[in-house]
Structures are given as structure tokens and as C-alpha cells.
$ cat structure_28.csv   # CSV, C-alpha atoms and all ligand atoms
chain,number,residue,atom,x,y,z
V,1158,MET,CA,0.0,0.0,0.0
V,1159,ASN,CA,1.0,3.6,-0.5
V,1160,ARG,CA,-1.6,5.7,1.2
V,1161,ARG,CA,0.1,8.9,0.2
V,1162,TYR,CA,-0.7,8.7,-3.5
V,1163,ARG,CA,-3.7,6.4,-3.8
V,1164,LYS,CA,-6.6,5.0,-1.9
V,1165,THR,CA,-6.5,1.6,-0.2
V,1166,ILE,CA,-9.7,-0.1,-1.2
V,1167,ILE,CA,-11.0,-3.4,0.3
V,1168,ALA,CA,-13.9,-4.7,-1.7
V,1169,GLY,CA,-16.0,-7.7,-1.1
V,1170,ASN,CA,-17.3,-9.6,-4.1
V,1171,TRP,CA,-20.3,-11.6,-2.9
V,1172,LYS,CA,-20.6,-13.2,-6.4
V,1173,MET,CA,-24.0,-15.1,-6.6
V,1174,ASN,CA,-24.5,-15.4,-2.9
V,1175,LYS,CA,-26.9,-14.0,-0.3
V,1176,SER,CA,-30.5,-13.2,-0.9
V,1177,PRO,CA,-31.7,-9.8,0.4
V,1178,SER,CA,-32.7,-11.3,3.8
V,1179,GLU,CA,-29.3,-13.0,4.1
V,1180,ALA,CA,-27.6,-9.8,3.0
V,1181,ARG,CA,-29.3,-8.0,5.9
V,1182,GLU,CA,-28.0,-10.6,8.4
V,1183,LEU,CA,-24.4,-10.3,7.0
V,1184,ILE,CA,-24.4,-6.5,7.0
V,1185,ASP,CA,-25.9,-6.3,10.5
V,1186,ALA,CA,-23.1,-8.6,11.7
V,1187,LEU,CA,-20.5,-6.7,9.8
V,1188,LYS,CA,-21.3,-3.1,10.6
V,1189,PRO,CA,-20.4,-3.1,14.3
V,1190,LEU,CA,-17.1,-4.9,13.5
V,1191,ILE,CA,-15.8,-2.3,11.1
V,1192,ALA,CA,-17.0,0.9,12.7
V,1193,LYS,CA,-13.5,2.1,13.3
V,1194,ALA,CA,-11.9,1.5,9.9
V,1195,LYS,CA,-10.4,4.9,9.0
V,1196,TRP,CA,-7.7,4.3,6.5
V,1197,CYS,CA,-9.3,2.4,3.7
V,1198,GLU,CA,-12.4,2.6,1.6
V,1199,VAL,CA,-14.7,-0.4,2.0
V,1200,VAL,CA,-16.9,-1.5,-0.8
V,1201,LEU,CA,-19.5,-4.3,-0.9
V,1202,CYS,CA,-20.1,-5.6,-4.5
V,1203,VAL,CA,-23.4,-7.4,-4.0
V,1204,PRO,CA,-25.9,-9.0,-6.4
V,1205,PHE,CA,-28.2,-6.5,-8.1
V,1206,VAL,CA,-31.2,-7.5,-6.1
V,1207,ASP,CA,-29.3,-6.8,-2.8
V,1208,ILE,CA,-28.2,-3.3,-3.8
V,1209,ALA,CA,-31.2,-1.5,-2.4
V,1210,ILE,CA,-31.2,-3.2,1.0
V,1211,ALA,CA,-27.4,-2.9,1.3
V,1212,GLN,CA,-27.6,0.8,0.6
V,1213,ARG,CA,-30.4,1.3,3.1
V,1214,LEU,CA,-28.6,-0.6,5.9
V,1215,LEU,CA,-25.3,1.1,5.1
V,1216,LYS,CA,-26.7,4.7,4.8
V,1217,ASP,CA,-25.0,5.9,8.0
V,1218,SER,CA,-21.8,4.0,7.6
V,1219,ARG,CA,-18.6,4.5,5.6
V,1220,ILE,CA,-19.2,1.4,3.5
V,1221,THR,CA,-20.0,1.9,-0.2
V,1222,VAL,CA,-22.1,-0.4,-2.3
V,1223,GLY,CA,-21.0,-1.6,-5.6
V,1224,ALA,CA,-22.2,-3.9,-8.4
V,1225,GLN,CA,-20.6,-7.0,-10.0
V,1226,ASN,CA,-21.3,-6.3,-13.7
V,1227,MET,CA,-23.1,-4.0,-16.1
V,1228,HIS,CA,-24.0,-4.2,-19.8
V,1229,HIS,CA,-21.7,-2.7,-22.4
V,1230,GLU,CA,-24.4,-0.8,-24.3
V,1231,PRO,CA,-26.0,2.3,-22.7
V,1232,SER,CA,-29.6,1.1,-23.1
V,1233,GLY,CA,-31.9,-0.9,-25.5
V,1234,ALA,CA,-33.3,-4.3,-26.3
V,1235,TYR,CA,-31.1,-6.4,-24.0
V,1236,THR,CA,-33.5,-8.5,-22.0
V,1237,GLY,CA,-32.4,-9.2,-18.5
V,1238,GLU,CA,-29.4,-6.8,-18.5
V,1239,VAL,CA,-28.6,-3.8,-16.2
V,1240,SER,CA,-27.1,-0.6,-17.6
V,1241,ALA,CA,-24.5,1.7,-16.2
V,1242,ALA,CA,-27.0,4.6,-16.1
V,1243,MET,CA,-29.3,2.5,-13.9
V,1244,LEU,CA,-26.6,1.8,-11.5
V,1245,LYS,CA,-25.6,5.4,-11.4
V,1246,ASP,CA,-29.2,6.5,-10.9
V,1247,ILE,CA,-29.5,4.4,-7.7
V,1248,GLY,CA,-26.2,5.7,-6.3
V,1249,VAL,CA,-23.8,2.9,-7.0
V,1250,LYS,CA,-20.2,4.0,-7.2
V,1251,TYR,CA,-18.1,1.0,-8.1
V,1252,VAL,CA,-18.7,-1.8,-10.6
V,1253,ILE,CA,-16.6,-4.9,-11.1
V,1254,LEU,CA,-15.8,-5.5,-14.7
V,1255,GLY,CA,-14.2,-8.5,-16.5
V,1256,HIS,CA,-14.1,-10.8,-13.6
V,1257,SER,CA,-12.5,-14.1,-14.7
V,1258,GLU,CA,-15.7,-15.9,-14.0
V,1259,ARG,CA,-17.5,-13.7,-16.5
V,1260,ARG,CA,-14.6,-14.0,-18.9
V,1261,ALA,CA,-14.8,-17.8,-18.6
V,1262,TYR,CA,-18.6,-18.4,-18.4
V,1263,CYS,CA,-20.0,-15.5,-20.2
V,1264,GLY,CA,-17.4,-15.1,-23.0
V,1265,GLU,CA,-16.3,-11.7,-22.0
V,1266,THR,CA,-13.3,-10.6,-24.0
V,1267,ASP,CA,-10.7,-7.8,-23.5
V,1268,ALA,CA,-12.5,-5.8,-26.1
V,1269,LEU,CA,-15.8,-6.1,-24.3
V,1270,VAL,CA,-14.3,-5.2,-20.9
V,1271,ASN,CA,-12.8,-2.1,-22.6
V,1272,LYS,CA,-16.2,-1.1,-23.9
V,1273,LYS,CA,-17.7,-1.5,-20.5
V,1274,ALA,CA,-14.9,0.4,-18.8
V,1275,LEU,CA,-15.3,3.3,-21.2
V,1276,LEU,CA,-19.1,3.4,-20.6
V,1277,ALA,CA,-18.7,3.1,-16.8
V,1278,LEU,CA,-16.3,6.1,-16.8
V,1279,GLN,CA,-18.5,8.1,-19.0
V,1280,THR,CA,-21.4,7.4,-16.7
V,1281,GLY,CA,-19.5,8.4,-13.6
V,1282,LEU,CA,-19.0,4.9,-12.2
V,1283,ARG,CA,-15.6,3.6,-11.0
V,1284,PRO,CA,-14.7,0.3,-12.7
V,1285,ILE,CA,-12.8,-2.3,-10.8
V,1286,VAL,CA,-11.2,-4.1,-13.8
V,1287,CYS,CA,-10.1,-7.6,-13.1
V,1288,VAL,CA,-7.1,-9.1,-14.8
V,1289,GLY,CA,-5.3,-12.4,-14.2
V,1290,GLU,CA,-3.5,-15.4,-15.7
V,1291,SER,CA,-4.4,-19.1,-15.8
V,1292,LEU,CA,-2.2,-21.7,-14.1
V,1293,GLU,CA,-1.1,-22.8,-17.6
V,1294,GLN,CA,0.0,-19.3,-18.5
V,1295,ARG,CA,1.9,-18.9,-15.2
V,1296,ASP,CA,3.6,-22.3,-15.7
V,1297,GLN,CA,4.7,-21.1,-19.2
V,1298,GLU,CA,6.0,-17.9,-17.7
V,1299,LEU,CA,3.5,-15.8,-19.6
V,1300,THR,CA,2.0,-14.1,-16.6
V,1301,LEU,CA,3.4,-10.6,-17.1
V,1302,ASP,CA,2.8,-10.6,-20.9
V,1303,VAL,CA,-0.8,-11.7,-20.4
V,1304,ILE,CA,-1.5,-9.1,-17.7
V,1305,THR,CA,0.1,-6.3,-19.7
V,1306,LEU,CA,-2.1,-7.1,-22.7
V,1307,GLN,CA,-5.2,-7.2,-20.5
V,1308,VAL,CA,-4.4,-3.8,-18.9
V,1309,LYS,CA,-3.6,-2.1,-22.2
V,1310,ALA,CA,-6.8,-3.4,-23.7
V,1311,ALA,CA,-8.9,-2.3,-20.8
V,1312,LEU,CA,-7.5,1.2,-20.9
V,1313,ALA,CA,-7.7,1.8,-24.7
V,1314,GLY,CA,-9.3,5.2,-25.2
V,1315,VAL,CA,-9.4,6.0,-21.5
V,1316,PRO,CA,-8.3,9.7,-21.2
V,1317,VAL,CA,-5.7,10.6,-18.5
V,1318,GLU,CA,-8.2,12.7,-16.5
V,1319,LYS,CA,-10.4,9.6,-16.0
V,1320,LEU,CA,-7.5,7.2,-15.2
V,1321,ARG,CA,-7.6,7.9,-11.5
V,1322,GLN,CA,-11.2,6.5,-11.4
V,1323,VAL,CA,-10.0,3.1,-12.6
V,1324,VAL,CA,-9.2,0.4,-10.1
V,1325,PHE,CA,-7.3,-2.7,-11.2
V,1326,ALA,CA,-7.7,-6.1,-9.4
V,1327,TYR,CA,-5.0,-8.6,-10.1
V,1328,GLU,CA,-6.8,-12.0,-9.6
V,1329,PRO,CA,-4.7,-15.0,-10.7
V,1330,ILE,CA,-7.4,-17.5,-11.9
V,1331,TRP,CA,-5.6,-20.4,-10.1
V,1332,ALA,CA,-6.0,-18.6,-6.7
V,1333,ILE,CA,-9.7,-17.8,-6.9
V,1334,GLY,CA,-11.8,-19.9,-4.6
V,1335,THR,CA,-9.1,-22.5,-4.4
V,1336,GLY,CA,-7.5,-21.6,-1.0
V,1337,ARG,CA,-4.3,-21.3,-2.9
V,1338,THR,CA,-3.1,-17.7,-2.6
V,1339,ALA,CA,-0.4,-16.0,-4.7
V,1340,THR,CA,2.7,-15.3,-2.5
V,1341,ALA,CA,3.2,-11.7,-1.5
V,1342,GLU,CA,6.2,-11.7,-4.0
V,1343,GLN,CA,4.0,-12.9,-6.8
V,1344,ALA,CA,1.2,-10.4,-6.0
V,1345,ALA,CA,3.8,-7.6,-5.7
V,1346,GLU,CA,5.6,-8.5,-8.9
V,1347,VAL,CA,2.3,-8.3,-10.9
V,1348,GLY,CA,1.1,-5.2,-9.1
V,1349,THR,CA,4.4,-3.4,-10.0
V,1350,SER,CA,4.2,-4.6,-13.5
V,1351,ILE,CA,0.6,-3.3,-13.9
V,1352,ARG,CA,1.8,0.1,-12.6
V,1353,ALA,CA,4.7,0.1,-15.0
V,1354,THR,CA,2.4,-0.5,-17.9
V,1355,ILE,CA,0.1,2.3,-16.8
V,1356,ARG,CA,3.2,4.5,-16.4
V,1357,LYS,CA,4.3,3.9,-20.0
V,1358,LEU,CA,0.8,4.9,-21.2
V,1359,TYR,CA,0.1,7.8,-19.0
V,1360,GLY,CA,3.3,8.9,-17.2
V,1361,ALA,CA,4.5,8.5,-13.6
V,1362,ARG,CA,2.2,10.9,-11.9
V,1363,ALA,CA,-1.0,9.5,-13.2
V,1364,ALA,CA,0.2,5.9,-12.7
V,1365,ARG,CA,1.0,6.4,-9.0
V,1366,SER,CA,-2.6,7.5,-8.3
V,1367,VAL,CA,-4.2,4.2,-9.5
V,1368,THR,CA,-5.3,1.7,-6.9
V,1369,ILE,CA,-4.2,-1.9,-7.7
V,1370,GLN,CA,-5.9,-4.6,-5.6
V,1371,TYR,CA,-5.0,-8.3,-5.2
V,1372,GLY,CA,-7.8,-10.9,-5.2
V,1373,GLY,CA,-7.7,-14.7,-4.8
V,1374,SER,CA,-8.1,-16.5,-1.5
V,1375,MET,CA,-7.3,-13.4,0.5
V,1376,ASN,CA,-8.0,-14.1,4.1
V,1377,PRO,CA,-7.2,-12.8,7.6
V,1378,GLY,CA,-4.1,-15.0,7.7
V,1379,ASN,CA,-2.4,-13.7,4.6
V,1380,ALA,CA,-3.9,-10.1,4.3
V,1381,VAL,CA,-1.2,-8.3,6.3
V,1382,GLU,CA,1.6,-9.7,4.2
V,1383,LEU,CA,-0.1,-9.1,0.9
V,1384,LEU,CA,-1.2,-5.6,1.8
V,1385,ALA,CA,2.4,-4.7,3.0
V,1386,GLN,CA,3.5,-4.8,-0.7
V,1387,LEU,CA,4.0,-1.4,-2.3
V,1388,ASP,CA,1.8,-2.1,-5.3
V,1389,VAL,CA,-0.9,-4.1,-3.5
V,1390,ASP,CA,-3.3,-1.3,-2.6
V,1391,GLY,CA,-6.2,-3.4,-1.3
V,1392,GLY,CA,-8.1,-6.5,-1.9
V,1393,LEU,CA,-11.0,-8.0,-3.9
V,1394,ILE,CA,-12.3,-10.6,-1.6
V,1395,GLY,CA,-14.7,-13.5,-2.4
V,1396,GLY,CA,-15.2,-16.3,0.1
V,1397,ALA,CA,-13.9,-14.3,3.1
V,1398,ALA,CA,-16.2,-11.4,2.4
V,1399,LEU,CA,-19.2,-13.7,3.1
V,1400,LYS,CA,-18.0,-14.1,6.7
V,1401,ALA,CA,-18.4,-10.9,8.8
V,1402,ALA,CA,-15.5,-11.7,11.1
V,1403,ASP,CA,-13.1,-12.6,8.3
V,1404,PHE,CA,-13.9,-9.6,6.2
V,1405,ALA,CA,-13.6,-7.3,9.2
V,1406,ALA,CA,-10.2,-8.8,10.0
V,1407,ILE,CA,-9.0,-8.1,6.4
V,1408,ILE,CA,-10.2,-4.5,6.8
V,1409,GLN,CA,-8.3,-4.3,10.0
V,1410,ALA,CA,-5.2,-5.5,8.3
V,1411,ALA,CA,-5.6,-2.7,5.8
V,1412,ASN,CA,-5.8,-0.2,8.6
V,1413,GLN,CA,-2.6,-1.1,10.4
V,1501,LIG,P1,-11.9,-15.8,-3.4
V,1501,LIG,O1,-11.5,-14.8,-2.4
V,1501,LIG,O2,-13.1,-16.6,-2.9
V,1501,LIG,O3,-10.8,-16.6,-3.8
V,1501,LIG,O4,-12.4,-15.0,-4.7
V,1501,LIG,C1,-11.7,-14.0,-5.2
V,1501,LIG,C2,-12.4,-13.3,-6.2
V,1501,LIG,O5,-12.7,-13.8,-7.3
V,1501,LIG,C3,-12.9,-11.9,-5.9
V,1501,LIG,O6,-13.4,-11.3,-7.0

$ encode --input "structure_28.csv" --output "C-alpha cells"
Amino acid sequence: MNRRYRKTIIAGNWKMNKSPSEARELIDALKPLIAKAKWCEVVLCVPFVDIAIAQRLLKDSRITVGAQNMHHEPSGAYTGEVSAAMLKDIGVKYVILGHSERRAYCGETDALVNKKALLALQTGLRPIVCVGESLEQRDQELTLDVITLQVKAALAGVPVEKLRQVVFAYEPIWAIGTGRTATAEQAAEVGTSIRATIRKLYGARAARSVTIQYGGSMNPGNAVELLAQLDVDGGLIGGAALKAADFAAIIQAANQ
């Protein structure tokens, strides 16, 4: 983390978990545990149907509510989809884009993620853009090449004045939901490489303002070490975000 130049952001990605009534239980349990978190921004990226209740319950707290996806077109005949403007209208601030699960199961490509990122920024939402390599790519030592391509593609056409609104989440696919975490060195290496790519595109000043998270089996046991890395400015947390005590402990790690 480097709190001088950029925000530390701890975001929970609930994925397809928690109905509105279960969301209420989790948020009620979480709120008292994180009342004192001062140094980082906390975001809950909940299913669309939970957004309203989460916002209501978190109205008087420092926790922000985010979404997990949006459509790449502004509006129109896209049955079942949710637009950036709709999210903005209900007060959503962050939206996860290009999560590896959506890339794998919904065929999202780098070009599509770029389209979504541009639309999110234009609409006034902050995209959390996920990038990450497969185990095969890591074994073939292609990690940094793959991530560089994903970062460049996501940022195509993003003007420098909007760059600060973009958050990157480095999520190695092999570490997601597997209990197998990247080592702090691996997370730091990729974080630093992402920032170097941004620096080449936008210059040093702009690059140092971008928050780069790590995601993939982050938990209370490994959060302190991961977050101690210079280019690990927060976490995108799946499983551990569904347990109030674990998520609160990760937030505490970011506040040390
Ligand atoms: P886990 O923390 O469950 O590994 O999930 C990480 C993730 O995919 C967050 O977006």
C-alpha cells in the first residue's frame, strides 16, 4: 500500500451469494465490527437484487455499495441486463468488470471489458477491472505478458483525466476460490508490472494514483503480508467477504 498517492480499497465480491434477507444478516453482523476502519475505503459488491437493501442498511456507515457487472451498451433491447446509467441512478459508485468468472462463463473478452470500462467512466462509475492469468499461463512464464495485454486493452481510449477513477484487481485465476493464494512476492511483482504498464501509457504521476488490488483466496491469515507490498493497494475478496469476522479482519489488516 502507499496511502500517500492512492486510496486503499477493500472490496467484497459476494458473487451469486446472499438473498436480500441473508444480506441483511451479514451486513448487520459486519457493521459493528468495522466501525473504526479509517484508512481504507470499504466496498461491498453485491448481487443486483441486494443493492437497495445494502444501501439502506449502510446509509449511515462508511461502507460503499458496488455492483458486479453492467451491460456494455447504454440502453436498449437487451433483455435481463442492467445498464451503467441504472446503477448510477441508484447511487452505485463501483462496478466490477471483466471478472475471470465472467470471462470464462459469459465469454467476456478484453474488447468487451474495454467497452464496459469506457461506458462506466463516461457514466460516472468507478470500474474495478479484473485481470489475471491461468495456471497454464503462469507455468509457461507468460504471466506478465498476459496481464500487460489485459491492462492495455482495458485502458484503450481512457483519457488521462479519467484514469484515477479506474481500479485494477489482479486476480490470478488459479488462486480464486481454491484456497491457494499468490505469494506476496507474486502479487507484488504483478502489481508493480501493472503500474509500469500504466506509467508507460500515462506517465508516472498518473500511474501512482491508481489503486491496484489483489484478489484470490485473500483471508485474515495472509492479508497483512499481501497488503504490505507497495503495489498491493487493497483486496477484492470473495469467500472471506461472506463471513463478517473474516472480512472485518482483512479490513483491520488494511488499517494497520
Ligand atoms: P476468493 O476470495 O473466494 O478466492 O475470490 C476472489 C475473487 O474472485 C474476488 O473477485

$ residues_around --input "structure_28.csv" --residues "Tyr1251 in chain V" --least-positions-apart "5" --cutoff "9 Å" --atoms "all atoms listed in the file" --output "MDAnalysis selection string"
chainID V and resid 1200 1202 1221:1225 1277 1282:1285

$ atom_distance --input "structure_28.csv" --atom1 "CA of Leu1275 in chain V" --atom2 "CA of Gln1294 in chain V"
27.4 Å

$ residues_near_ligand --input "structure_28.csv" --ligand "ligand LIG 1501 (chain V)" --cutoff "10 Å" --atoms "all atoms listed in the file" --output "VMD selection string"
chain V and resid 1168 to 1172 1202 1225 1253 to 1258 1285 1287 1326 to 1338 1371 to 1376 1392 to 1399

$ atom_distance --input "structure_28.csv" --atom1 "CA of Arg1365 in chain V" --atom2 "CA of Tyr1162 in chain V"
6.2 Å

$ residues_around --input "structure_28.csv" --residues "Ala1402 in chain V" --least-positions-apart "5" --cutoff "9 Å" --atoms "all atoms listed in the file" --output "PyMOL selection string"
chain V and resi 1186-1187+1190+1397+1407

$ closest_residue --input "structure_28.csv" --among "V:Arg1260, V:Ala1380, V:Asp1388, V:Gln1297" --to "Gly1348 in chain V" --atoms "all atoms listed in the file"
V:Asp1388

$ closest_residue --input "structure_28.csv" --among "V:Ile1369, V:Leu1183, V:Ala1364, V:Met1243" --to "Ala1344 in chain V" --atoms "only C-alpha atoms"
V:Ile1369

$ atom_distance --input "structure_28.csv" --atom1 "CA of Thr1280 in chain V" --atom2 "CA of Ile1184 in chain V"
27.6 Å

$ residues_near_point --input "structure_28.csv" --point "(-26.4, 1.7, -19.1)" --cutoff "9 Å" --atoms "all atoms listed in the file" --output "ChimeraX atom specification"
/V:1227-1233,1239-1245,1276-1277,1280

$ closest_residue --input "structure_28.csv" --among "V:Cys1263, V:Ala1385, V:Val1308, V:Val1252" --to "Gly1281 in chain V" --atoms "all atoms listed in the file"
V:Val1252

$ closest_residue --input "structure_28.csv" --among "V:Ala1406, V:Ala1401, V:Ala1311, V:Val1249" --to "Pro1377 in chain V" --atoms "all atoms listed in the file"
V:Ala1406

$ closest_residue --input "structure_28.csv" --among "V:Asn1159, V:Gln1307, V:Ser1291, V:Thr1165" --to "Gln1370 in chain V" --atoms "all atoms listed in the file"
V:Thr1165

$ closest_residue --input "structure_28.csv" --among "V:Gly1289, V:Gly1378, V:Pro1189, V:Gly1391" --to "Gln1343 in chain V" --atoms "all atoms listed in the file"
V:Gly1289
